[in-house]
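**Student:** Coordinates in protein-v4.txt, compact mmCIF, C-alpha atoms and all ligand atoms, are listed below.
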```txt
# COMPACT_ATOMS: atom_id res chain seq x y z
CA MET A 1 -22.42 3.23 7.99
CA SER A 2 -20.35 6.16 6.74
CA HIS A 3 -17.49 6.17 4.27
CA ASP A 4 -16.67 9.74 5.31
CA LEU A 5 -13.12 10.31 6.58
CA SER A 6 -13.45 13.98 7.56
CA GLY A 7 -11.26 14.73 10.56
CA ARG A 8 -9.12 11.62 10.00
CA GLY A 9 -5.44 11.62 9.13
CA ALA A 10 -3.97 9.13 6.67
CA LEU A 11 -0.46 8.29 5.50
CA VAL A 12 0.18 6.40 2.28
CA THR A 13 3.71 5.16 1.60
CA GLY A 14 4.90 5.27 -2.00
CA ALA A 15 2.04 7.65 -2.80
CA GLY A 16 3.75 9.59 -5.58
CA MET A 17 2.69 7.23 -8.35
CA GLY A 18 0.62 4.20 -9.26
CA ILE A 19 -1.56 2.48 -6.68
CA GLY A 20 -0.29 4.61 -3.80
CA ARG A 21 -1.19 7.84 -5.54
CA ALA A 22 -4.69 6.55 -6.31
CA CYS A 23 -5.08 5.56 -2.63
CA ALA A 24 -3.96 9.01 -1.45
CA GLU A 25 -6.42 10.66 -3.85
CA ALA A 26 -9.30 8.39 -2.78
CA LEU A 27 -8.66 8.96 0.93
CA ALA A 28 -8.41 12.74 0.39
CA ALA A 29 -11.63 12.68 -1.65
CA ALA A 30 -13.31 10.96 1.32
CA GLY A 31 -12.22 13.88 3.52
CA ALA A 32 -8.99 12.66 5.17
CA ARG A 33 -5.90 14.84 5.56
CA VAL A 34 -3.31 12.76 3.70
CA VAL A 35 0.45 12.49 4.04
CA VAL A 36 1.92 11.57 0.67
CA GLN A 37 5.13 9.70 1.51
CA ASP A 38 7.53 8.94 -1.33
CA ILE A 39 11.23 8.68 -2.12
CA ASN A 40 10.64 10.65 -5.35
CA PRO A 41 10.09 14.33 -4.51
CA VAL A 42 8.77 15.31 -7.95
CA ALA A 43 6.16 12.56 -7.96
CA ALA A 44 5.14 13.36 -4.38
CA GLU A 45 4.72 17.09 -5.11
CA GLU A 46 2.64 16.29 -8.21
CA ALA A 47 0.38 13.98 -6.20
CA VAL A 48 -0.09 16.59 -3.48
CA ALA A 49 -0.81 19.32 -6.05
CA ALA A 50 -3.47 17.11 -7.68
CA ILE A 51 -5.16 16.50 -4.32
CA ARG A 52 -5.10 20.20 -3.41
CA GLU A 53 -6.50 21.19 -6.82
CA ARG A 54 -9.57 19.12 -6.01
CA GLY A 55 -9.94 20.78 -2.61
CA GLY A 56 -8.29 18.01 -0.58
CA ILE A 57 -5.74 18.42 2.21
CA ALA A 58 -2.32 16.85 1.76
CA ASP A 59 1.26 17.11 3.02
CA THR A 60 4.42 15.52 1.62
CA LEU A 61 6.91 13.33 3.44
CA ILE A 62 9.94 12.79 1.25
CA SER A 63 11.95 9.85 2.51
CA ASP A 64 13.10 6.35 1.75
CA VAL A 65 10.50 4.22 3.49
CA ALA A 66 13.27 1.77 4.37
CA ASP A 67 14.81 4.50 6.57
CA THR A 68 12.51 3.64 9.44
CA ALA A 69 14.38 5.83 11.95
CA ALA A 70 13.67 8.91 9.79
CA PHE A 71 10.05 7.79 9.47
CA ARG A 72 9.69 7.54 13.25
CA VAL A 73 11.15 11.05 13.74
CA ALA A 74 8.80 12.46 11.07
CA ILE A 75 5.73 10.88 12.71
CA THR A 76 6.71 12.19 16.15
CA ARG A 77 7.07 15.72 14.71
CA TYR A 78 3.83 15.48 12.76
CA GLU A 79 1.87 14.33 15.81
CA ARG A 80 3.52 17.04 17.94
CA ASP A 81 2.09 19.57 15.47
CA ASP A 82 -1.32 18.28 16.43
CA HIS A 83 -1.84 16.12 13.36
CA ARG A 84 -2.75 12.47 13.48
CA ILE A 85 -2.26 9.30 11.54
CA ASP A 86 -5.44 7.25 11.90
CA ILE A 87 -4.94 5.31 8.67
CA LEU A 88 -1.67 3.82 7.41
CA VAL A 89 -1.52 2.36 3.91
CA ASN A 90 1.69 0.35 3.61
CA ASN A 91 1.90 0.55 -0.16
CA ALA A 92 5.52 1.39 -1.10
CA GLY A 93 7.10 -1.58 -2.77
CA ILE A 94 9.71 -2.48 -5.31
CA GLY A 95 9.42 -5.24 -7.88
CA SER A 96 12.07 -7.51 -9.26
CA GLY A 97 11.29 -10.32 -11.68
CA ALA A 98 14.59 -12.16 -11.17
CA ASP A 99 14.87 -15.94 -11.13
CA PHE A 100 15.77 -17.63 -7.84
CA VAL A 101 19.36 -18.49 -8.78
CA ASP A 102 20.09 -14.94 -10.01
CA VAL A 103 19.07 -13.03 -6.86
CA ALA A 104 22.10 -11.37 -5.25
CA GLU A 105 22.21 -10.90 -1.48
CA ASP A 106 22.23 -7.09 -1.56
CA HIS A 107 19.24 -7.10 -3.95
CA TYR A 108 17.38 -9.48 -1.61
CA ASP A 109 18.21 -7.30 1.42
CA ARG A 110 17.03 -4.09 -0.26
CA LEU A 111 13.81 -5.71 -1.44
CA PHE A 112 13.03 -6.99 2.04
CA ALA A 113 13.99 -3.64 3.62
CA VAL A 114 11.41 -1.79 1.49
CA ASN A 115 8.71 -4.45 1.09
CA VAL A 116 8.76 -6.04 4.56
CA ARG A 117 10.88 -4.30 7.21
CA ALA A 118 9.43 -0.87 6.42
CA VAL A 119 5.87 -2.20 6.65
CA PHE A 120 6.57 -3.54 10.13
CA PHE A 121 8.31 -0.46 11.52
CA CYS A 122 6.06 2.15 9.85
CA ALA A 123 3.13 0.46 11.57
CA GLN A 124 5.08 0.36 14.83
CA ALA A 125 5.56 4.15 14.58
CA VAL A 126 1.88 5.02 14.13
CA VAL A 127 0.14 2.42 16.30
CA PRO A 128 0.80 4.14 19.68
CA GLY A 129 -1.21 7.20 18.51
CA MET A 130 -3.98 4.94 17.17
CA LYS A 131 -4.10 3.10 20.49
CA ARG A 132 -4.40 6.37 22.43
CA ARG A 133 -7.28 7.48 20.22
CA ARG A 134 -8.74 3.94 20.18
CA TRP A 135 -9.26 4.01 16.41
CA GLY A 136 -7.01 2.97 13.57
CA ARG A 137 -6.74 1.32 10.18
CA LEU A 138 -3.64 -0.58 9.01
CA ILE A 139 -3.79 -1.60 5.36
CA ASN A 140 -0.96 -3.58 3.76
CA VAL A 141 -0.58 -3.92 0.01
CA SER A 142 0.54 -7.42 -0.95
CA SER A 143 0.40 -9.09 -4.38
CA LEU A 144 -1.66 -11.80 -6.05
CA GLN A 145 1.62 -13.60 -6.77
CA ALA A 146 2.02 -14.13 -3.01
CA VAL A 147 -1.33 -15.91 -2.81
CA ARG A 148 -1.32 -18.11 -5.89
CA GLY A 149 2.45 -18.41 -6.53
CA TRP A 150 4.35 -17.63 -9.71
CA PRO A 151 7.39 -19.14 -11.39
CA GLY A 152 10.42 -16.94 -10.63
CA ASN A 153 10.46 -13.89 -8.36
CA PRO A 154 10.59 -15.88 -5.06
CA HIS A 155 12.13 -13.06 -3.02
CA TYR A 156 9.33 -10.61 -4.08
CA ILE A 157 6.67 -13.26 -3.47
CA GLY A 158 8.10 -14.17 -0.06
CA ALA A 159 8.20 -10.50 0.90
CA LYS A 160 4.61 -9.95 -0.19
CA ALA A 161 3.49 -13.06 1.72
CA ALA A 162 5.12 -11.73 4.91
CA VAL A 163 2.91 -8.63 5.05
CA ILE A 164 -0.22 -10.80 4.99
CA GLY A 165 1.07 -12.43 8.17
CA PHE A 166 1.70 -9.05 9.81
CA ALA A 167 -1.89 -7.92 9.18
CA ARG A 168 -3.33 -11.15 10.56
CA SER A 169 -1.32 -10.79 13.75
CA TRP A 170 -2.02 -7.06 14.16
CA ALA A 171 -5.75 -7.69 13.64
CA GLN A 172 -5.97 -9.89 16.72
CA GLU A 173 -3.51 -7.98 18.92
CA LEU A 174 -4.97 -4.55 18.17
CA ALA A 175 -8.69 -5.32 17.96
CA PRO A 176 -9.30 -4.28 21.60
CA PHE A 177 -8.02 -0.79 20.69
CA GLY A 178 -10.44 -0.25 17.80
CA ILE A 179 -7.69 -0.83 15.24
CA THR A 180 -8.29 -3.04 12.21
CA ALA A 181 -5.60 -4.51 9.95
CA ASN A 182 -6.20 -5.95 6.51
CA THR A 183 -4.26 -6.82 3.38
CA VAL A 184 -5.19 -5.75 -0.11
CA VAL A 185 -3.92 -8.07 -2.83
CA PRO A 186 -3.86 -6.43 -6.26
CA GLY A 187 -3.89 -8.47 -9.43
CA LEU A 188 -1.88 -7.06 -12.31
CA THR A 189 -2.59 -3.31 -12.28
CA ARG A 190 -1.67 -0.64 -14.79
CA THR A 191 1.09 1.37 -13.03
CA PRO A 192 4.64 2.57 -13.76
CA MET A 193 5.95 -0.58 -12.00
CA VAL A 194 4.09 -2.83 -14.40
CA ALA A 195 5.09 -0.71 -17.40
CA ALA A 196 8.72 -1.26 -16.36
CA HIS A 197 8.36 -5.06 -16.33
CA TYR A 198 5.73 -5.75 -19.03
CA SER A 199 5.70 -4.65 -22.67
CA ASP A 200 2.19 -3.78 -23.97
CA GLU A 201 2.22 -7.06 -25.86
CA ARG A 202 3.15 -9.13 -22.79
CA ALA A 203 0.51 -7.34 -20.71
CA SER A 204 -2.20 -8.07 -23.34
CA GLU A 205 -1.13 -11.71 -23.45
CA HIS A 206 -1.33 -11.89 -19.65
CA VAL A 207 -4.83 -10.37 -19.73
CA ARG A 208 -6.04 -12.80 -22.39
CA ALA A 209 -4.63 -15.82 -20.58
CA THR A 210 -5.44 -15.03 -16.96
CA ILE A 211 -7.98 -12.23 -16.36
CA PRO A 212 -11.62 -13.20 -17.11
CA MET A 213 -12.75 -9.56 -16.92
CA GLY A 214 -10.52 -8.89 -19.91
CA ARG A 215 -8.49 -5.97 -18.64
CA LEU A 216 -5.70 -4.98 -16.29
CA GLY A 217 -6.65 -3.48 -12.96
CA GLU A 218 -6.57 0.30 -12.71
CA PRO A 219 -5.04 1.96 -9.63
CA SER A 220 -8.54 3.23 -8.77
CA ASP A 221 -9.80 -0.40 -8.57
CA ILE A 222 -7.38 -0.94 -5.69
CA ALA A 223 -7.88 2.50 -4.15
CA ASN A 224 -11.68 2.04 -3.93
CA LEU A 225 -11.14 -1.03 -1.73
CA VAL A 226 -8.51 0.76 0.36
CA ALA A 227 -10.87 3.71 0.94
CA PHE A 228 -13.59 1.29 2.09
CA LEU A 229 -11.22 -0.54 4.45
CA ALA A 230 -10.13 2.85 5.83
CA SER A 231 -13.70 3.91 6.51
CA PRO A 232 -15.94 3.49 9.55
CA ALA A 233 -18.11 1.19 7.38
CA SER A 234 -15.44 -1.55 7.55
CA GLN A 235 -15.22 -1.61 11.34
CA PHE A 236 -15.98 -5.36 11.74
CA ILE A 237 -13.56 -6.46 9.01
CA SER A 238 -10.06 -7.27 10.25
CA GLY A 239 -7.30 -9.76 9.54
CA GLN A 240 -8.68 -10.29 6.04
CA THR A 241 -6.88 -10.65 2.73
CA ILE A 242 -8.94 -9.23 -0.13
CA SER A 243 -8.05 -9.23 -3.81
CA PRO A 244 -9.32 -6.90 -6.55
CA ASN A 245 -8.12 -8.96 -9.54
CA GLY A 246 -10.81 -9.13 -12.25
CA ALA A 247 -11.62 -12.76 -11.25
CA ALA A 248 -8.07 -13.88 -12.16
CA PHE A 249 -7.97 -15.83 -8.90
CA VAL A 250 -11.10 -16.86 -7.00
CA GLY A 251 -9.76 -19.31 -4.42
CA ALA A 252 -9.36 -18.88 -0.67
CA MET A 253 -6.75 -16.36 0.38
N1 LIG B 1 1.04 -2.82 -10.18
C1 LIG B 1 0.76 -4.11 -9.94
O1 LIG B 1 0.36 -4.88 -10.84
C2 LIG B 1 0.89 -4.64 -8.54
C3 LIG B 1 0.40 -5.94 -8.32
C4 LIG B 1 0.50 -6.47 -7.05
C5 LIG B 1 1.04 -5.72 -6.03
N2 LIG B 1 1.52 -4.46 -6.28
C6 LIG B 1 2.08 -3.72 -5.16
O2 LIG B 1 1.43 -2.47 -5.08
C7 LIG B 1 2.33 -1.51 -4.54
C8 LIG B 1 2.41 -0.31 -5.46
O3 LIG B 1 2.84 -0.76 -6.72
P1 LIG B 1 2.81 0.16 -8.02
O4 LIG B 1 2.63 -0.78 -9.16
O5 LIG B 1 1.88 1.30 -7.83
O6 LIG B 1 4.34 0.67 -8.01
P2 LIG B 1 5.02 1.90 -8.77
O7 LIG B 1 6.45 1.52 -8.93
O8 LIG B 1 4.25 2.24 -9.99
O9 LIG B 1 4.90 3.08 -7.71
C9 LIG B 1 5.54 2.91 -6.46
C10 LIG B 1 5.74 4.22 -5.76
O10 LIG B 1 6.48 3.92 -4.58
C11 LIG B 1 7.60 4.78 -4.51
N3 LIG B 1 8.70 4.12 -3.82
C12 LIG B 1 9.48 3.13 -4.29
N4 LIG B 1 10.41 2.81 -3.40
C13 LIG B 1 10.23 3.61 -2.34
C14 LIG B 1 10.90 3.79 -1.11
N5 LIG B 1 11.97 3.06 -0.80
N6 LIG B 1 10.45 4.72 -0.25
C15 LIG B 1 9.37 5.47 -0.57
N7 LIG B 1 8.72 5.38 -1.73
C16 LIG B 1 9.13 4.46 -2.61
C17 LIG B 1 7.93 5.14 -5.95
O11 LIG B 1 8.68 6.35 -6.02
C18 LIG B 1 6.55 5.24 -6.57
O12 LIG B 1 5.99 6.52 -6.41
C19 LIG B 1 3.66 -2.22 -4.35
O13 LIG B 1 3.78 -2.64 -3.02
C20 LIG B 1 3.55 -3.42 -5.28
O14 LIG B 1 4.35 -4.48 -4.85
C21 LIG B 1 1.45 -3.92 -7.52
```
Could you rewrite the structure in this file as structure tokens?
Ligand SMILES: NC(=O)c1ccc[n+]([C@@H]2O[C@H](COP(=O)([O-])OP(=O)(O)OC[C@H]3O[C@@H](n4cnc5c(N)ncnc54)[C@H](O)[C@@H]3O)[C@@H](O)[C@H]2O)c1
**Tutor:**
Amino acid sequence: MSHDLSGRGALVTGAGMGIGRACAEALAAAGARVVVQDINPVAAEEAVAAIRERGGIADTLISDVADTAAFRVAITRYERDDHRIDILVNNAGIGSGADFVDVAEDHYDRLFAVNVRAVFFCAQAVVPGMKRRRWGRLINVSSLQAVRGWPGNPHYIGAKAAVIGFARSWAQELAPFGITANTVVPGLTRTPMVAAHYSDERASEHVRATIPMGRLGEPSDIANLVAFLASPASQFISGQTISPNGAAFVGAM
């Protein structure tokens, strides 16, 4: 079965940097036309330029993914221009690291707006087109912390657990329309988000203590799985939670 995405349209949220950028590049390399959505215009333009340099097709959508009304308008316009979103990678996310008792309400609300609410409503905006075409791929990016737990960070972990539930529900509701929904669960991966929260020393300590493969994940480790889940080859896989994590966690998801 083919991994070729020629003729397909994909949108990756938070695709300017890190895991999202790697996903956008992998999907473009497989032949998809990719919308690089990001709140950071410089990062988004750089990602699009890199894709185009390699002969890929990419457009930018500069917006705050939490502004779901703007997202809906942009999708309507894009589809009116005869483009399509067959693949949605709900990747944009913000980290935190705060302890339970220190989390302020506005911080909690913002984190849930980006990490949960946007995932729900971005999918809601693209699913009607997928249903009409009877083909679609919804891929949520969660976190290993949501599966195995972690001391501290309960708002981030709760948010990342919620998107696993969305994918499980979408998988069963949307299966009759040829739409699959899965969740990718990265272990600790070398990205700007991780650099902001982990010193090199803390990251090495984490690797030594918890990752049998002896290294952090690279964004491409996650993107390779996303490209597979986006492809025709994954057509019978839906509602699953799959974790590229260097064997850091091997239990049931
Ligand atoms: N890096 C890891 O170790 C790791 C582990 C588990 C899960 N994740 C998840 O993977 C996803 C990507 O993480 P990353 O490490 O690549 O992050 P990152 O911070 O390195 O990159 C995130 C990208 O999303 C964009 N973004 C942030 N807020 C946005 C918003 N409101 N609207 C649109 N774009 C926005 C940023 O501008 C940036 O380009 C996140 O959902 C994160 O929770 C990451």
**Student:** What residues have any atom no more than 7 Å from ligand LIG 1 (chain B) when counting only C-alpha atoms and all ligand atoms, and can you list them as a PyMOL selection string?
**Tutor:** chain A and resi 13-20+37-40+43+63-66+91-95+114-115+141-144+185-194
**Student:** Could you build a table of the residues in region 3-27 of chain A lying no more than 6 Å from region 213-233 of chain A, giving for each the nearest pair of atoms and their separation in Å rounded to one decimal place, using only C-alpha atoms, ordered by chain and ascending residue number, as a Markdown table?
**Tutor:**
```
| residue | atom | partner | partner_atom | distance |
| --- | --- | --- | --- | --- |
| A:His3 | CA | A:Ser231 | CA | 4.9 |
| A:Ile19 | CA | A:Pro219 | CA | 4.6 |
| A:Ala22 | CA | A:Ala223 | CA | 5.6 |
| A:Cys23 | CA | A:Ala223 | CA | 4.4 |
| A:Leu27 | CA | A:Ala227 | CA | 5.7 |
```
**Student:** Can you measure CA of Arg52 (chain A) to CA of Ala28 (chain A) for me? One decimal in Å is fine.
**Tutor:**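 That distance, rounded to one decimal, is 9.0 Å.
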**Student:** Just the residues within 6 Å of region 78-88 of chain A, please, counting only C-alpha atoms, with nothing from its chain fewer than 4 positions along; format it as an NGL selection string.
**Tutor:** :A and (9-11 or 130 or 136-138)
**Student:** Which is closer to Ile157 (chain A) than all the others in A:Phe236, A:Phe100, A:Trp135, A:Phe121, using only C-alpha atoms?
**Tutor:**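 Checking each candidate against Ile157 (chain A), we get A:Phe100 as the closest.
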**Student:** Please report the interatomic distance between CA of Arg72 (chain A) and CA of Cys122 (chain A) in Å with one decimal.
**Tutor:**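 Taking CA of Arg72 (chain A) as the start and CA of Cys122 (chain A) as the end point, the length is 7.3 Å.
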**Student:** To one decimal place in Å, what is the distance between CA of Thr183 (chain A) and CA of Ile242 (chain A)?
**Tutor:**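 Interatomic distance here is 6.3 Å.
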**Student:** Taking all atoms listed in the file into account, name the residue in A:Pro128, A:Ala175, A:Tyr108, A:Gln240 that is nearest to Val163 (chain A).
**Tutor:**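 Looking at the shortest contact to Val163 (chain A), the residue is A:Gln240.
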**Student:** My list of candidates is A:Gly7, A:Pro244, A:Gly56, A:Gly165. Which is closest to Ala29 (chain A) when distances are computed with only C-alpha atoms?
**Tutor:** A:Gly56
**Student:** Considering only C-alpha atoms, return as a list in words whatever protein or nucleic-acid residues lie within 12 Å of His107 (chain A), sequence-local ones (same chain, fewer than 2 positions apart) excluded.
**Tutor:**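 Selected residues are Ile94, Gly95, Ser96, Gly97, Ala98, Phe100, Asp102, Val103, Ala104, Glu105, Asp109, Arg110, Leu111, Phe112, Ala113, Val114, Asn115, Asn153, His155 and Tyr156 of chain A.
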